[in-house]
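Enquirer: Please find query_35.cif (mmCIF, C-alpha atoms, pLDDT in the B column; chains and numbers go by the auth columns) on the next line:
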data_protein
#
loop_
_atom_site.group_PDB
_atom_site.id
_atom_site.type_symbol
_atom_site.label_atom_id
_atom_site.label_comp_id
_atom_site.label_asym_id
_atom_site.label_seq_id
_atom_site.Cartn_x
_atom_site.Cartn_y
_atom_site.Cartn_z
_atom_site.B_iso_or_equiv
_atom_site.auth_seq_id
_atom_site.auth_asym_id
ATOM 1 C CA MET A 1 0.000 0.000 0.000 72.00 1 O
ATOM 2 C CA LYS A 2 2.924 2.337 0.618 80.00 2 O
ATOM 3 C CA HIS A 3 3.684 2.227 -3.090 86.00 3 O
ATOM 4 C CA TYR A 4 0.239 3.599 -3.972 90.00 4 O
ATOM 5 C CA MET A 5 -0.723 5.643 -0.921 90.00 5 O
ATOM 6 C CA GLY A 6 2.614 6.734 0.520 91.00 6 O
ATOM 7 C CA GLU A 7 4.143 6.188 3.940 92.00 7 O
ATOM 8 C CA PRO A 8 1.518 5.850 6.719 90.00 8 O
ATOM 9 C CA PRO A 9 1.404 8.723 9.194 92.00 9 O
ATOM 10 C CA THR A 10 3.275 8.395 12.485 95.00 10 O
ATOM 11 C CA THR A 11 0.968 10.891 14.209 96.00 11 O
ATOM 12 C CA ILE A 12 -2.518 12.265 13.645 94.00 12 O
ATOM 13 C CA THR A 13 -4.333 15.261 15.073 95.00 13 O
ATOM 14 C CA VAL A 14 -7.885 14.811 16.339 92.00 14 O
ATOM 15 C CA GLY A 15 -9.695 17.611 18.127 91.00 15 O
ATOM 16 C CA GLY A 16 -6.413 19.477 18.482 94.00 16 O
ATOM 17 C CA LYS A 17 -4.714 16.549 20.210 95.00 17 O
ATOM 18 C CA VAL A 18 -1.709 14.875 18.566 97.00 18 O
ATOM 19 C CA MET A 19 -1.544 11.107 18.964 97.00 19 O
ATOM 20 C CA THR A 20 -0.204 8.004 17.268 96.00 20 O
ATOM 21 C CA PRO A 21 -2.581 5.820 15.236 93.00 21 O
ATOM 22 C CA LYS A 22 -2.331 3.153 17.975 92.00 22 O
ATOM 23 C CA GLU A 23 -3.310 5.715 20.628 94.00 23 O
ATOM 24 C CA TYR A 24 -6.263 6.733 18.462 94.00 24 O
ATOM 25 C CA LEU A 25 -7.326 3.091 18.153 92.00 25 O
ATOM 26 C CA ALA A 26 -7.062 2.446 21.907 91.00 26 O
ATOM 27 C CA ASN A 27 -8.272 5.772 23.336 92.00 27 O
ATOM 28 C CA VAL A 28 -10.752 7.161 20.806 92.00 28 O
ATOM 29 C CA LEU A 29 -12.119 4.187 18.900 94.00 29 O
ATOM 30 C CA LYS A 30 -11.652 1.927 21.940 94.00 30 O
ATOM 31 C CA LEU A 31 -11.309 -1.168 19.785 90.00 31 O
ATOM 32 C CA ASN A 32 -9.298 -4.182 20.826 90.00 32 O
ATOM 33 C CA PRO A 33 -8.117 -6.044 17.700 88.00 33 O
ATOM 34 C CA ASP A 34 -7.883 -9.235 19.774 91.00 34 O
ATOM 35 C CA ASP A 35 -11.687 -9.165 20.077 94.00 35 O
ATOM 36 C CA TYR A 36 -12.050 -9.855 16.351 93.00 36 O
ATOM 37 C CA ILE A 37 -11.383 -12.838 14.100 93.00 37 O
ATOM 38 C CA ASP A 38 -11.120 -13.335 10.341 94.00 38 O
ATOM 39 C CA VAL A 39 -13.802 -15.555 8.849 96.00 39 O
ATOM 40 C CA LEU A 40 -14.224 -16.881 5.327 95.00 40 O
ATOM 41 C CA SER A 41 -16.121 -19.584 3.501 95.00 41 O
ATOM 42 C CA TYR A 42 -13.691 -21.439 1.291 90.00 42 O
ATOM 43 C CA MET A 43 -14.797 -24.750 -0.219 92.00 43 O
ATOM 44 C CA GLN A 44 -11.228 -25.725 -1.176 93.00 44 O
ATOM 45 C CA GLN A 45 -10.242 -26.134 2.470 94.00 45 O
ATOM 46 C CA PRO A 46 -11.802 -28.126 5.342 95.00 46 O
ATOM 47 C CA PHE A 47 -14.496 -26.280 7.255 97.00 47 O
ATOM 48 C CA TRP A 48 -14.168 -25.432 10.952 97.00 48 O
ATOM 49 C CA ASN A 49 -10.394 -25.045 10.747 96.00 49 O
ATOM 50 C CA LYS A 50 -7.991 -22.165 10.442 96.00 50 O
ATOM 51 C CA VAL A 51 -6.830 -21.942 6.843 96.00 51 O
ATOM 52 C CA GLU A 52 -4.853 -19.772 4.475 94.00 52 O
ATOM 53 C CA TYR A 53 -6.827 -17.544 2.130 91.00 53 O
ATOM 54 C CA GLU A 54 -5.155 -18.559 -1.109 89.00 54 O
ATOM 55 C CA VAL A 55 -5.201 -15.368 -3.193 88.00 55 O
ATOM 56 C CA PRO A 56 -2.261 -13.311 -4.501 87.00 56 O
ATOM 57 C CA ASP A 57 -3.059 -10.438 -2.092 83.00 57 O
ATOM 58 C CA ASN A 58 -2.423 -12.726 0.899 82.00 58 O
ATOM 59 C CA TRP A 59 1.327 -12.258 0.415 83.00 59 O
ATOM 60 C CA TRP A 60 2.134 -13.067 4.061 86.00 60 O
ATOM 61 C CA HIS A 61 0.375 -16.476 3.748 89.00 61 O
ATOM 62 C CA ASN A 62 -1.499 -15.912 6.983 88.00 62 O
ATOM 63 C CA LYS A 63 -3.354 -19.034 8.148 91.00 63 O
ATOM 64 C CA ASP A 64 -5.551 -17.355 10.758 92.00 64 O
ATOM 65 C CA TYR A 65 -8.821 -17.387 8.808 94.00 65 O
ATOM 66 C CA TYR A 66 -11.624 -19.508 10.268 96.00 66 O
ATOM 67 C CA ASN A 67 -13.220 -21.432 7.423 97.00 67 O
ATOM 68 C CA VAL A 68 -16.952 -21.658 8.061 97.00 68 O
ATOM 69 C CA PRO A 69 -19.686 -23.002 5.744 97.00 69 O
ATOM 70 C CA LEU A 70 -21.540 -20.183 4.013 95.00 70 O
ATOM 71 C CA GLU A 71 -24.904 -21.131 5.552 95.00 71 O
ATOM 72 C CA ASP A 72 -23.368 -20.695 9.030 95.00 72 O
ATOM 73 C CA LEU A 73 -22.050 -17.217 8.344 87.00 73 O
#
In structure tokens, write the structure found in this file.
Expert:
Amino acid sequence: MKHYMGEPPTTITVGGKVMTPKEYLANVLKLNPDDYIDVLSYMQQPFWNKVEYEVPDNWWHNKDYYNVPLEDL
């Protein structure tokens, strides 16, 4: 994404207060990324397991996607 959008900001200003993006996430949005999971429905892999999403954009080959049947989504 850096190639197309440039270097991500190291600080942001919200309501006159300067903070890092992580501070904004924790203190303003109050979201905990650990409260969320990645889910997909991928017939090429066994359901109810963590699998890799096999597309070119998954360049890090992350295998943390829960594969769930579409009717259960």
Enquirer: Report the distance between CA of Met1 in chain O and CA of Asp34 in chain O in Å, rounded to one decimal place.
Expert: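 Separating CA of Met1 in chain O from CA of Asp34 in chain O is a distance of 23.2 Å.
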Enquirer: List the residues matched by the PyMOL selection byres ((chain O and resi 49) around 6) in the displayed structure as a list in words, ordered by chain and then by residue number.
Expert: Phe47, Trp48, Lys50, Tyr66 and Asn67 of chain O
Enquirer: I'd like the contact shell of Leu70 in chain O - 9 Å cut-off, only C-alpha atoms, skipping same-chain residues fewer than 4 positions apart - returned as a list in words.
Expert: Leu40, Ser41 and Tyr42 of chain O
Enquirer: So the first atom is CA of Glu71 in chain O and the second is CA of Glu54 in chain O; what is the distance between them in Å, to one decimal place?
Expert: 21.0 Å
Enquirer: To one decimal place in Å, what is the distance between CA of Lys2 in chain O and CA of Asp57 in chain O?
Expert: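 A separation of 14.4 Å between them.
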Enquirer: Expand the PyMOL selection byres ((chain O and resi 14) around 12) into the explicit residue set it covers here, and present it as a list in words.
Expert: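 Selected by the PyMOL selection byres ((chain O and resi 14) around 12) in this file: Thr11, Ile12, Thr13, Gly15, Gly16, Lys17, Val18, Met19, Thr20, Pro21, Glu23, Tyr24, Leu25, Asn27, Val28 and Leu29 of chain O.
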Enquirer: For the residues selected in the previous step, produce a file with C-alpha atoms as a PDB file, in the frame of the given file.
Expert:
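Listed below is the output, result-v9.pdb:
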ATOM      1  CA  THR O  11       0.968  10.891  14.209  1.00 96.00           C
ATOM      2  CA  ILE O  12      -2.518  12.265  13.645  1.00 94.00           C
ATOM      3  CA  THR O  13      -4.333  15.261  15.073  1.00 95.00           C
ATOM      4  CA  GLY O  15      -9.695  17.611  18.127  1.00 91.00           C
ATOM      5  CA  GLY O  16      -6.413  19.477  18.482  1.00 94.00           C
ATOM      6  CA  LYS O  17      -4.714  16.549  20.210  1.00 95.00           C
ATOM      7  CA  VAL O  18      -1.709  14.875  18.566  1.00 97.00           C
ATOM      8  CA  MET O  19      -1.544  11.107  18.964  1.00 97.00           C
ATOM      9  CA  THR O  20      -0.204   8.004  17.268  1.00 96.00           C
ATOM     10  CA  PRO O  21      -2.581   5.820  15.236  1.00 93.00           C
ATOM     11  CA  GLU O  23      -3.310   5.715  20.628  1.00 94.00           C
ATOM     12  CA  TYR O  24      -6.263   6.733  18.462  1.00 94.00           C
ATOM     13  CA  LEU O  25      -7.326   3.091  18.153  1.00 92.00           C
ATOM     14  CA  ASN O  27      -8.272   5.772  23.336  1.00 92.00           C
ATOM     15  CA  VAL O  28     -10.752   7.161  20.806  1.00 92.00           C
ATOM     16  CA  LEU O  29     -12.119   4.187  18.900  1.00 94.00           C
TER      17      LEU O  29
END
Enquirer: Report as a PyMOL selection string the full result of the PyMOL selection byres ((chain O and resi 51) around 6) when it is applied to this structure.
Expert: chain O and resi 50+52+63+65
